[in-house]
Structure formats: C-alpha cells, structure tokens
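Structure below is target.pdb: PDB, C-alpha atoms.
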```
ATOM      1  CA  MET A 215     143.878 115.213   8.855
ATOM      2  CA  LEU A 216     140.301 114.870   7.609
ATOM      3  CA  LEU A 217     137.485 116.118   9.797
ATOM      4  CA  ILE A 218     134.300 114.068   9.548
ATOM      5  CA  HIS A 219     130.948 115.328  10.796
ATOM      6  CA  CYS A 220     129.269 112.682  12.974
ATOM      7  CA  PRO A 221     125.481 113.101  12.796
ATOM      8  CA  TYR A 222     125.085 111.566  16.274
ATOM      9  CA  CYS A 223     127.815 113.550  18.080
ATOM     10  CA  GLU A 224     126.716 116.610  16.071
ATOM     11  CA  GLU A 225     130.236 117.843  15.500
ATOM     12  CA  GLU A 226     133.317 117.346  13.378
ATOM     13  CA  ARG A 227     135.836 114.810  14.641
ATOM     14  CA  SER A 228     139.172 113.599  13.419
ATOM     15  CA  GLU A 229     139.270 110.762  10.889
ATOM     16  CA  LEU A 230     141.286 108.748  13.465
ATOM     17  CA  GLU A 231     138.058 108.063  15.360
ATOM     18  CA  PHE A 232     136.293 106.582  12.308
ATOM     19  CA  ARG A 233     136.275 103.378  10.285
ATOM     20  CA  TRP A 234     135.052 102.864   6.741
ATOM     21  CA  ALA A 235     132.287 100.258   6.486
ATOM     22  CA  GLY A 236     131.633  99.702   2.781
ATOM     23  CA  GLU A 237     129.088 100.912   0.270
ATOM     24  CA  ALA A 238     125.809 102.262   1.647
ATOM     25  CA  HIS A 239     122.189 101.572   0.703
ATOM     26  CA  ILE A 240     122.611  97.905  -0.215
ATOM     27  CA  ALA A 241     119.297  96.261   0.558
ATOM     28  CA  ARG A 242     119.283  92.575   1.420
ATOM     29  CA  PRO A 243     116.846  90.776  -0.916
ATOM     30  CA  GLU A 244     113.761  89.713   1.019
ATOM     31  CA  ASN A 245     113.487  86.397  -0.866
ATOM     32  CA  ILE A 246     117.136  85.471  -0.235
ATOM     33  CA  ALA A 247     116.493  81.695  -0.411
ATOM     34  CA  ALA A 248     114.730  81.935  -3.781
ATOM     35  CA  ILE A 249     117.180  84.078  -5.763
ATOM     36  CA  SER A 250     119.737  82.619  -8.181
ATOM     37  CA  ASP A 251     123.467  82.406  -7.522
ATOM     38  CA  GLU A 252     124.084  85.276  -9.950
ATOM     39  CA  GLU A 253     121.574  87.499  -8.181
ATOM     40  CA  PHE A 254     123.119  86.561  -4.830
ATOM     41  CA  ALA A 255     126.617  87.353  -6.108
ATOM     42  CA  GLU A 256     125.342  90.703  -7.375
ATOM     43  CA  TYR A 257     123.947  91.542  -3.951
ATOM     44  CA  PHE A 258     126.712  90.015  -1.823
ATOM     45  CA  PHE A 259     130.002  90.532  -3.675
ATOM     46  CA  LEU A 260     129.679  93.102  -6.432
ATOM     47  CA  ARG A 261     130.158  96.768  -5.586
ATOM     48  CA  ASN A 262     130.071  99.771  -7.895
ATOM     49  CA  ASN A 263     133.462 101.222  -6.854
ATOM     50  CA  GLU A 264     132.526 104.518  -8.437
ATOM     51  CA  LYS A 265     135.003 107.240  -9.220
ATOM     52  CA  GLY A 266     133.651 110.523  -7.942
ATOM     53  CA  VAL A 267     130.715 110.867  -5.565
ATOM     54  CA  THR A 268     129.888 107.662  -3.687
ATOM     55  CA  TYR A 269     127.611 106.818  -0.804
ATOM     56  CA  GLU A 270     129.359 104.893   1.958
ATOM     57  CA  ARG A 271     128.752 103.619   5.464
ATOM     58  CA  TRP A 272     131.130 104.869   8.127
ATOM     59  CA  ARG A 273     131.355 104.041  11.806
ATOM     60  CA  HIS A 274     132.350 106.403  14.607
ATOM     61  CA  ILE A 275     134.005 103.459  16.317
ATOM     62  CA  HIS A 276     136.226 105.395  18.756
ATOM     63  CA  GLY A 277     133.415 107.814  19.597
ATOM     64  CA  CYS A 278     129.700 107.147  19.875
ATOM     65  CA  GLY A 279     130.097 103.778  18.141
ATOM     66  CA  ARG A 280     127.315 104.478  15.631
ATOM     67  CA  PHE A 281     127.154 103.619  11.947
ATOM     68  CA  PHE A 282     126.075 106.428   9.648
ATOM     69  CA  ASN A 283     126.031 107.216   5.930
ATOM     70  CA  ALA A 284     128.326 109.608   4.122
ATOM     71  CA  ALA A 285     128.532 110.996   0.611
ATOM     72  CA  ARG A 286     132.208 111.225  -0.295
ATOM     73  CA  ASP A 287     134.130 112.194  -3.398
ATOM     74  CA  THR A 288     136.654 109.430  -4.033
ATOM     75  CA  VAL A 289     138.826 111.681  -6.220
ATOM     76  CA  SER A 290     139.340 114.548  -3.785
ATOM     77  CA  ASP A 291     138.566 112.478  -0.616
ATOM     78  CA  LYS A 292     136.220 115.276   0.434
ATOM     79  CA  PHE A 293     133.177 114.421   2.556
ATOM     80  CA  LEU A 294     130.171 116.162   0.966
ATOM     81  CA  MET A 295     127.702 115.341   3.740
ATOM     82  CA  THR A 296     126.832 112.775   6.382
ATOM     83  CA  TYR A 297     123.450 111.641   7.667
ATOM     84  CA  LYS A 298     122.047 109.146  10.137
ATOM     85  CA  ALA A 299     121.776 105.452   9.341
ATOM     86  CA  GLY A 300     118.314 104.313   8.328
ATOM     87  CA  LEU A 301     117.523 107.443   6.324
ATOM     88  CA  PRO A 302     116.987 107.018   2.564
ATOM     89  CA  LYS A 303     119.695 108.186   0.165
ATOM     90  CA  GLN A 304     119.948 111.956   0.593
ATOM     91  CA  PRO A 305     120.461 114.269  -2.377
ATOM     92  CA  ILE A 306     123.684 116.293  -2.252
ATOM     93  CA  PRO A 307     123.035 120.051  -1.967
ATOM     94  CA  ALA A 308     123.807 121.713  -5.336
ATOM     95  CA  ALA A 309     126.308 124.192  -3.875
ATOM     96  CA  THR A 310     128.335 121.419  -2.182
ATOM     97  CA  LYS A 311     128.333 119.404  -5.387
ATOM     98  CA  ALA A 312     129.559 122.314  -7.538
ATOM     99  CA  GLU A 313     132.318 122.989  -5.015
ATOM    100  CA  ALA A 314     133.335 119.317  -5.088
ATOM    101  CA  ILE A 315     133.524 119.243  -8.898
ATOM    102  CA  ALA A 316     135.684 122.383  -8.912
ATOM    103  CA  GLU A 317     137.985 120.806  -6.346
ATOM    104  CA  GLU A 318     138.132 117.559  -8.300
ATOM    105  CA  LYS A 319     139.663 119.418 -11.253
ATOM    106  CA  THR A 320     142.449 120.816  -9.134
ATOM    107  CA  VAL A 321     143.377 117.456  -7.612
ATOM    108  CA  GLU A 322     146.203 115.760  -9.454
ATOM    109  CA  THR A 323     145.414 112.076  -9.648
ATOM    110  CA  TRP A 324     147.650 109.291 -10.861
ATOM    111  CA  GLU A 325     145.249 108.677 -13.772
ATOM    112  CA  GLN A 326     145.580 112.243 -14.996
ATOM    113  CA  THR A 327     149.346 112.429 -14.898
ATOM    114  CA  GLU A 328     150.751 108.908 -15.263
ATOM    115  CA  GLY A 329     148.153 106.294 -16.082
ATOM    116  CA  ASP A 330     146.805 104.943 -19.355
ATOM    117  CA  ALA A 331     143.284 106.179 -18.613
ATOM    118  CA  ARG A 332     144.148 109.789 -19.414
TER     119      ARG A 332
ATOM    120  CA  MET B1371     149.782  79.615  57.717
ATOM    121  CA  VAL B1372     147.110  81.765  56.139
ATOM    122  CA  GLU B1373     147.801  83.020  52.681
ATOM    123  CA  VAL B1374     146.204  86.342  51.942
ATOM    124  CA  ALA B1375     145.752  87.473  48.365
ATOM    125  CA  THR B1376     146.631  91.102  47.946
ATOM    126  CA  ARG B1377     145.342  93.007  44.962
ATOM    127  CA  THR B1378     147.800  95.184  43.081
ATOM    128  CA  LEU B1379     146.268  98.105  41.252
ATOM    129  CA  PRO B1380     147.045  98.304  37.532
ATOM    130  CA  LEU B1381     149.006 101.526  37.925
ATOM    131  CA  SER B1382     150.494 101.128  41.389
ATOM    132  CA  GLY B1383     153.918 102.691  41.769
ATOM    133  CA  VAL B1384     154.035 104.567  38.473
ATOM    134  CA  HIS B1385     155.802 107.916  38.226
ATOM    135  CA  GLY B1386     155.438 110.644  35.670
ATOM    136  CA  GLY B1387     154.645 114.292  35.178
ATOM    137  CA  SER B1388     156.488 117.532  34.787
ATOM    138  CA  SER B1389     156.530 121.090  36.105
ATOM    139  CA  LYS B1390     153.322 121.835  34.126
ATOM    140  CA  VAL B1391     151.435 118.535  34.341
ATOM    141  CA  ARG B1392     150.606 116.360  37.316
ATOM    142  CA  LEU B1393     149.860 112.698  36.557
ATOM    143  CA  GLU B1394     148.407 110.365  39.160
ATOM    144  CA  PRO B1395     146.506 107.080  39.087
ATOM    145  CA  ALA B1396     142.922 107.629  40.221
ATOM    146  CA  ALA B1397     141.587 105.885  43.310
ATOM    147  CA  PRO B1398     139.659 102.659  42.596
ATOM    148  CA  ALA B1399     136.108 103.413  41.496
ATOM    149  CA  ALA B1400     132.985 101.532  40.515
ATOM    150  CA  ARG B1401     131.851 101.783  36.915
ATOM    151  CA  ILE B1402     128.935 100.461  34.948
ATOM    152  CA  ASN B1403     128.389 100.514  31.241
ATOM    153  CA  LEU B1404     124.736 101.245  30.534
ATOM    154  CA  ARG B1405     122.718 100.776  27.356
ATOM    155  CA  VAL B1406     119.183 102.171  27.411
ATOM    156  CA  ARG B1407     116.659 103.219  24.773
ATOM    157  CA  ALA B1408     115.557 106.861  24.777
ATOM    158  CA  GLU B1409     112.097 106.105  26.197
ATOM    159  CA  ASP B1410     113.557 104.385  29.293
ATOM    160  CA  VAL B1411     116.214 106.995  30.162
ATOM    161  CA  ALA B1412     113.982 108.662  32.780
ATOM    162  CA  ALA B1413     113.333 105.352  34.587
ATOM    163  CA  LEU B1414     117.047 104.499  34.726
ATOM    164  CA  SER B1415     117.941 108.043  35.834
ATOM    165  CA  ALA B1416     115.561 107.688  38.774
ATOM    166  CA  ALA B1417     116.885 104.227  39.664
ATOM    167  CA  LEU B1418     120.546 105.292  39.604
ATOM    168  CA  GLY B1419     120.038 108.647  41.311
ATOM    169  CA  VAL B1420     121.766 110.618  38.575
ATOM    170  CA  ASP B1421     120.166 112.259  35.525
ATOM    171  CA  LEU B1422     121.578 110.550  32.432
ATOM    172  CA  PRO B1423     122.594 113.359  30.048
ATOM    173  CA  VAL B1424     120.996 113.148  26.599
ATOM    174  CA  ARG B1425     123.057 115.781  24.780
ATOM    175  CA  PRO B1426     126.255 114.618  23.067
ATOM    176  CA  LYS B1427     129.551 115.128  24.908
ATOM    177  CA  THR B1428     127.967 116.036  28.261
ATOM    178  CA  SER B1429     128.070 114.506  31.731
ATOM    179  CA  ALA B1430     126.059 114.864  34.923
ATOM    180  CA  SER B1431     126.979 114.318  38.569
ATOM    181  CA  ALA B1432     124.804 113.643  41.621
ATOM    182  CA  ASN B1433     125.026 111.518  44.778
ATOM    183  CA  GLY B1434     128.721 110.790  44.179
ATOM    184  CA  ARG B1435     127.975 109.340  40.763
ATOM    185  CA  THR B1436     128.919 110.732  37.383
ATOM    186  CA  ALA B1437     127.080 109.705  34.222
ATOM    187  CA  LEU B1438     128.974 110.239  30.979
ATOM    188  CA  TRP B1439     127.244 110.364  27.581
ATOM    189  CA  ILE B1440     129.110 107.925  25.342
ATOM    190  CA  GLY B1441     126.620 107.413  22.511
ATOM    191  CA  PRO B1442     122.923 108.006  21.773
ATOM    192  CA  ASP B1443     121.989 104.957  23.875
ATOM    193  CA  GLU B1444     125.157 104.355  25.880
ATOM    194  CA  TRP B1445     126.462 105.779  29.153
ATOM    195  CA  LEU B1446     129.373 105.171  31.492
ATOM    196  CA  VAL B1447     128.434 105.667  35.142
ATOM    197  CA  ILE B1448     131.354 106.171  37.535
ATOM    198  CA  ALA B1449     130.923 106.043  41.313
ATOM    199  CA  GLU B1450     133.847 106.964  43.527
ATOM    200  CA  GLY B1451     134.588 104.530  46.302
ATOM    201  CA  ASN B1452     134.633 100.801  46.804
ATOM    202  CA  THR B1453     134.206  98.723  43.640
ATOM    203  CA  ASP B1454     131.374  96.814  45.379
ATOM    204  CA  ILE B1455     129.215  99.815  44.527
ATOM    205  CA  GLY B1456     129.303  98.513  40.942
ATOM    206  CA  SER B1457     127.094  95.537  41.770
ATOM    207  CA  MET B1458     124.833  97.842  43.825
ATOM    208  CA  LEU B1459     124.384 100.073  40.771
ATOM    209  CA  VAL B1460     123.622  97.061  38.557
ATOM    210  CA  ALA B1461     121.048  95.887  41.126
ATOM    211  CA  ALA B1462     119.535  99.382  41.326
ATOM    212  CA  ALA B1463     119.228  99.494  37.529
ATOM    213  CA  ALA B1464     117.555  96.064  37.551
ATOM    214  CA  LYS B1465     114.905  97.357  39.984
ATOM    215  CA  SER B1466     113.904 100.104  37.524
ATOM    216  CA  GLY B1467     111.872  97.563  35.555
ATOM    217  CA  ALA B1468     112.855  99.213  32.265
ATOM    218  CA  LEU B1469     114.566  97.298  29.462
ATOM    219  CA  HIS B1470     118.294  97.985  29.643
ATOM    220  CA  SER B1471     121.739  96.449  29.814
ATOM    221  CA  ALA B1472     124.003  97.320  32.749
ATOM    222  CA  THR B1473     127.455  95.767  32.912
ATOM    223  CA  ASP B1474     129.835  96.156  35.836
ATOM    224  CA  VAL B1475     133.146  97.251  34.294
ATOM    225  CA  SER B1476     134.790  98.451  37.532
ATOM    226  CA  HIS B1477     137.815  96.215  37.078
ATOM    227  CA  ARG B1478     138.043  96.560  33.301
ATOM    228  CA  ASN B1479     138.877 100.248  33.498
ATOM    229  CA  THR B1480     141.320 102.242  35.468
ATOM    230  CA  ALA B1481     141.769 105.992  35.384
ATOM    231  CA  ILE B1482     144.580 108.528  35.233
ATOM    232  CA  LEU B1483     144.082 112.033  36.606
ATOM    233  CA  VAL B1484     145.824 114.661  34.505
ATOM    234  CA  SER B1485     145.973 118.169  35.930
ATOM    235  CA  GLY B1486     147.959 121.370  35.679
ATOM    236  CA  ALA B1487     148.475 124.161  33.177
ATOM    237  CA  GLY B1488     149.754 121.770  30.510
ATOM    238  CA  ALA B1489     147.092 119.051  30.993
ATOM    239  CA  ALA B1490     145.314 119.646  27.677
ATOM    240  CA  ALA B1491     148.634 119.809  25.819
ATOM    241  CA  ALA B1492     149.752 116.516  27.380
ATOM    242  CA  ILE B1493     146.527 114.769  26.291
ATOM    243  CA  ASN B1494     146.724 116.332  22.831
ATOM    244  CA  THR B1495     150.022 114.527  22.223
ATOM    245  CA  GLY B1496     147.933 111.467  21.394
ATOM    246  CA  CYS B1497     144.354 112.704  21.159
ATOM    247  CA  PRO B1498     143.024 114.598  18.110
ATOM    248  CA  GLN B1499     140.131 116.337  19.901
ATOM    249  CA  ASP B1500     139.879 120.096  20.311
ATOM    250  CA  LEU B1501     140.391 120.560  24.070
ATOM    251  CA  SER B1502     139.914 124.330  24.159
ATOM    252  CA  LEU B1503     137.397 125.477  26.770
ATOM    253  CA  GLN B1504     134.955 126.550  24.023
ATOM    254  CA  ALA B1505     134.870 123.118  22.373
ATOM    255  CA  PHE B1506     135.428 120.989  25.482
ATOM    256  CA  PRO B1507     134.114 122.865  28.545
ATOM    257  CA  VAL B1508     134.256 121.641  32.142
ATOM    258  CA  GLY B1509     131.975 118.587  32.399
ATOM    259  CA  ALA B1510     132.399 117.650  28.743
ATOM    260  CA  CYS B1511     133.226 114.024  28.069
ATOM    261  CA  SER B1512     133.884 111.876  25.062
ATOM    262  CA  ARG B1513     135.052 108.468  24.046
ATOM    263  CA  THR B1514     138.014 109.072  21.789
ATOM    264  CA  ILE B1515     141.421 107.779  20.861
ATOM    265  CA  PHE B1516     144.763 108.388  22.582
ATOM    266  CA  GLY B1517     147.713 107.175  20.541
ATOM    267  CA  LYS B1518     146.903 103.529  19.902
ATOM    268  CA  VAL B1519     144.308 103.043  22.637
ATOM    269  CA  GLU B1520     140.721 104.057  23.180
ATOM    270  CA  ILE B1521     139.991 106.290  26.175
ATOM    271  CA  VAL B1522     137.039 108.058  27.730
ATOM    272  CA  LEU B1523     137.984 111.628  28.507
ATOM    273  CA  LEU B1524     136.203 113.772  31.106
ATOM    274  CA  ARG B1525     137.083 117.374  31.907
ATOM    275  CA  THR B1526     136.692 117.771  35.674
ATOM    276  CA  ALA B1527     138.027 121.349  35.909
ATOM    277  CA  GLU B1528     139.515 123.965  33.594
ATOM    278  CA  ASP B1529     142.947 122.381  33.951
ATOM    279  CA  ALA B1530     142.049 118.846  35.047
ATOM    280  CA  PHE B1531     140.985 115.737  33.164
ATOM    281  CA  ARG B1532     140.091 112.172  34.021
ATOM    282  CA  VAL B1533     141.333 109.658  31.471
ATOM    283  CA  GLU B1534     139.451 106.349  31.688
ATOM    284  CA  VAL B1535     141.367 103.558  30.021
ATOM    285  CA  TRP B1536     141.165  99.768  29.904
ATOM    286  CA  ARG B1537     143.499  98.365  32.558
ATOM    287  CA  SER B1538     145.616  96.331  30.136
ATOM    288  CA  PHE B1539     146.278  99.519  28.139
ATOM    289  CA  SER B1540     147.018 101.642  31.208
ATOM    290  CA  ASP B1541     150.823 101.232  31.097
ATOM    291  CA  TYR B1542     150.856 102.472  27.519
ATOM    292  CA  ALA B1543     148.478 105.345  28.271
ATOM    293  CA  PHE B1544     150.461 106.429  31.333
ATOM    294  CA  GLY B1545     153.774 106.235  29.487
ATOM    295  CA  MET B1546     152.424 108.259  26.588
ATOM    296  CA  LEU B1547     150.948 110.838  28.985
ATOM    297  CA  ALA B1548     154.291 111.067  30.821
ATOM    298  CA  GLU B1549     155.999 111.835  27.509
ATOM    299  CA  GLY B1550     153.295 114.389  26.706
ATOM    300  CA  ALA B1551     153.760 115.961  30.125
ATOM    301  CA  ARG B1552     157.500 116.353  29.469
ATOM    302  CA  ASP B1553     156.795 117.924  26.075
ATOM    303  CA  ALA B1554     154.201 120.282  27.561
ATOM    304  CA  ALA B1555     156.812 121.656  29.973
ATOM    305  CA  LEU B1556     159.404 122.415  27.282
TER     306      LEU B1556
END
```
For this file, write the structure as structure tokens.
Amino acid sequence: MLLIHCPYCEEERSELEFRWAGEAHIARPENIAAISDEEFAEYFFLRNNEKGVTYERWRHIHGCGRFFNAARDTVSDKFLMTYKAGLPKQPIPAATKAEAIAEEKTVETWEQTEGDAR
Amino acid sequence: MVEVATRTLPLSGVHGGSSKVRLEPAAPAARINLRVRAEDVAALSAALGVDLPVRPKTSASANGRTALWIGPDEWLVIAEGNTDIGSMLVAAAAKSGALHSATDVSHRNTAILVSGAGAAAAINTGCPQDLSLQAFPVGACSRTIFGKVEIVLLRTAEDAFRVEVWRSFSDYAFGMLAEGARDAAL
C-alpha cells in the first residue's frame, strides 16, 4: 500500500484515502472566449502523459477533503513530494530525484521486457 | 384513534462484539458540520462554547460539546443529548456574526461505540490508519475510510473509539465491525 503525505494533515496516509485528480499546473486561459478551437483543445483536452516525473493534482477525499499537488514518478509509482494547492510548481530536491532515477532502473516495466519500445 | 409516529434508530436492536471488543450503538446526539475561514475561528469558538482545534487530527471538548478537526476549514461538532440541540447550535453560530456555514447533520450520522482491548484491531480490519497510541492518541480524530464507507473516527479513551458513520451505511459499518471484533478475539 502506498503512503501519501498530505500537506494539510501533515502526515502520511494510506492511498485508500486519496483520489487522483489529473495533471497539475494547467492554467485556464484568461481570454477564453477569444482563443481558437485548437488553442482551446490544447488547454482543455490535451495532456502530456509523461513517462517519469509528472506533476499531478491529488485529493485527500476521505480525509481533509483538500486538493493538493504531487510530483510522482509514473514508472516506479513513487511520490517524490507533495505541496499545497495554489503554490507554483516546486523543484524536486536533487537527492530525491537521484533516488527516484536509481529506483526507476530497478523497476521492471512492460516496455523493458515485452513491448516494442525497448 | 390517535396514531403516534415512533422513530426507530438506525441501529436499534443490533448485536455484535466478542470477548475483546464491545460494540454498541451510541445514544442519539446532535451534530453540526461547520465550515469557517481561519480568521473567524475565534468568533465561532466563542459562539459555540468550545474551542475549535486548529491542529490536524485533534479534537476539543467543553460544555458537553466536542469539536473535531476534519479539514483546515471544516469541523464536526457533536453534542450529546437531544437532537434539538443541533438547531440551537446552528442558531448560536448564526449569532456570532462571522461568515460561516453550519449544517445540522444530527440525523445524517449515527455512531458506534467500540471499546475493549481489541478495539483498535477491530477498526483496523477496514481502516488503514495507524491506531497506535503514539500516532493516534486519546482525543485524536480523523475522517477516514472503513471498508467501503467513510467514517469519522474519534479516540475517546486508550481502548475506546467513537465511529461516526452516515446512517444509511451504519448496517454495513456495524456488520464489518462485528466481524473485526470476532477476528480480534481469535
């Protein structure tokens, strides 16, 4: 079971109390009525779906109920850090990042062993 | 002939428990759900007669009322006694003059009292929280999950908990606790 640090409850809680809420730091265009359909689609539908470190919104729905931001490695599923909603994108501490990359190499993914993207 | 409506409590007549865990439905209580911004917490504390705790996972009791920290701007206030106290609490909050939202949820929730040496083990059958005394001391409270339902958990003594649950989920919660109580006694 994953433990996720909630920045509002100030402690680690089980993943069962949390819900994923999509990619973080997507700013709604201020001139939403003026932008083209392509620009709207870019903002509204298209997500980066990065492999590796991503910034996501999570919600402590069965706890304090708050949304917050998390940096997570999508290969190892490891949470690198969490911080309160409303804060700008936080840099990942170098030590945590190095640890995550080392762990990524030891995780056997489908792509590495079976897929065409080897 | 006069027809009198009698109210049946959500958990009336239930049985459960084991040699290590005692399970009993709590007496009816008044409850309000309170949302207040940080700057108005003092005003609402004065109006309700209980200091709203501002640290995560803590509760405070005074004047027969218990205020449970649920989130950074959310509290559950429980008052033992007649459920009419709920509307009194809402009225008291309204008199504070501070911007807030107070909702009477007395009849939405019911509570199960879990006590005995195996109380924490019984709750841990469906709840992932660390219920050791270091992590969850007496007076600690938290909204969390129990099996498939959401509960608000309050530790009232070293070996006693109050499990607040929505009334329509109370059969499930009680049944799951009864199973946990049996397991705790094995």
From CA of Glu224 in chain A to CA of Gln304 in chain A the spacing works out at 17.5 Å
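Selection check: the ChimeraX specification (/B :<12) & /A on the shown file gives Met215, Leu216, Leu217, Cys220, Pro221, Tyr222, Cys223, Glu224, Glu225, Glu226, Arg227, Ser228, Glu229, Leu230, Glu231, Phe232, His274, Ile275, His276, Gly277, Cys278, Gly279, Arg280, Phe281 and Lys298 of chain A.
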Item to complete: Name the residues in contact with Lys292 in chain A at a cut-off of 10 Å, using only C-alpha atoms, excluding same-chain residues fewer than 5 positions from it; report them as number ranges by chain.
Response: A: 216-218, 266-267, 285-287, 314, 317-318
Taking 5 positions as the minimum chain separation for residues in the same chain, which residues sit within 7 Å of Ile1448 in chain B when counting all atoms listed in the file? Answer as a PDB file with C-alpha atoms, in the coordinates of the input.
```
ATOM      1  CA  ALA B1399     136.108 103.413  41.496  1.00  0.00           C
ATOM      2  CA  ALA B1400     132.985 101.532  40.515  1.00  0.00           C
ATOM      3  CA  ARG B1401     131.851 101.783  36.915  1.00  0.00           C
ATOM      4  CA  ILE B1402     128.935 100.461  34.948  1.00  0.00           C
ATOM      5  CA  ARG B1435     127.975 109.340  40.763  1.00  0.00           C
ATOM      6  CA  THR B1436     128.919 110.732  37.383  1.00  0.00           C
ATOM      7  CA  ALA B1437     127.080 109.705  34.222  1.00  0.00           C
TER       8      ALA B1437
END
```
**Request:** Would you mind reading off the distance between CA of Ala1481 in chain B and CA of Val1533 in chain B, one decimal, in Å?
**Result:**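 Interatomic distance here is 5.4 Å.
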> Which protein, DNA or RNA residues are at most 6 Å from (127.8, 113.4, 31.6) in the file's coordinates when you count only C-alpha atoms, listed as number ranges by chain?
Replying inline: B: 1423, 1428-1430, 1437-1439
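What separates CA of Ala1397 in chain B from CA of Phe1531 in chain B is a distance of 14.2 Å.
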ask   = So which residues fall inside 12 Å of (144.8, 96.6, 26.6) if we count all atoms listed in the file? Mind giving them as a VMD selection string?
value = chain B and resid 1380 1478 to 1480 1518 to 1521 1535 to 1543
From A:His219, A:Phe282, A:Leu294, A:Glu270, residue lying nearest Ile240 in chain A [all atoms listed in the file]: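 Using all atoms listed in the file, Ile240 in chain A sits closest to A:Glu270.
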Report as a list in words the residues that result from applying the PyMOL selection byres ((chain A and resi 252-263) around 12) to the structure here.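 Taken on the displayed file, the PyMOL selection byres ((chain A and resi 252-263) around 12) yields the residues Gly236, Glu237, Ala238, His239, Ile240, Ala241, Arg242, Pro243, Glu244, Asn245, Ile246, Ala247, Ala248, Ile249, Ser250, Asp251, Glu264, Lys265, Gly266, Val267, Thr268, Tyr269, Glu270, Asp287, Thr288 and Val289 of chain A.
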Taking all atoms of range 1424-1442 of chain B that the file lists, what box with edges along x, y and z, padded by 4 Å per side, do you get, with centre and edge lengths in Å to one decimal, as JSON?
```
{"center_x": 125.3, "center_y": 111.7, "center_z": 33.3, "size_x": 16.6, "size_y": 16.6, "size_z": 31.0}
```
Expansion of the PyMOL selection byres ((chain B and resi 1468) around 12) into residues, as a VMD selection string
chain B and resid 1405 to 1417 1462 to 1467 1469 to 1472
Between A:Tyr297, A:Trp234, A:Asp291, A:Pro305, smallest distance to Arg273 in chain A by all atoms listed in the file belongs to A:Trp234
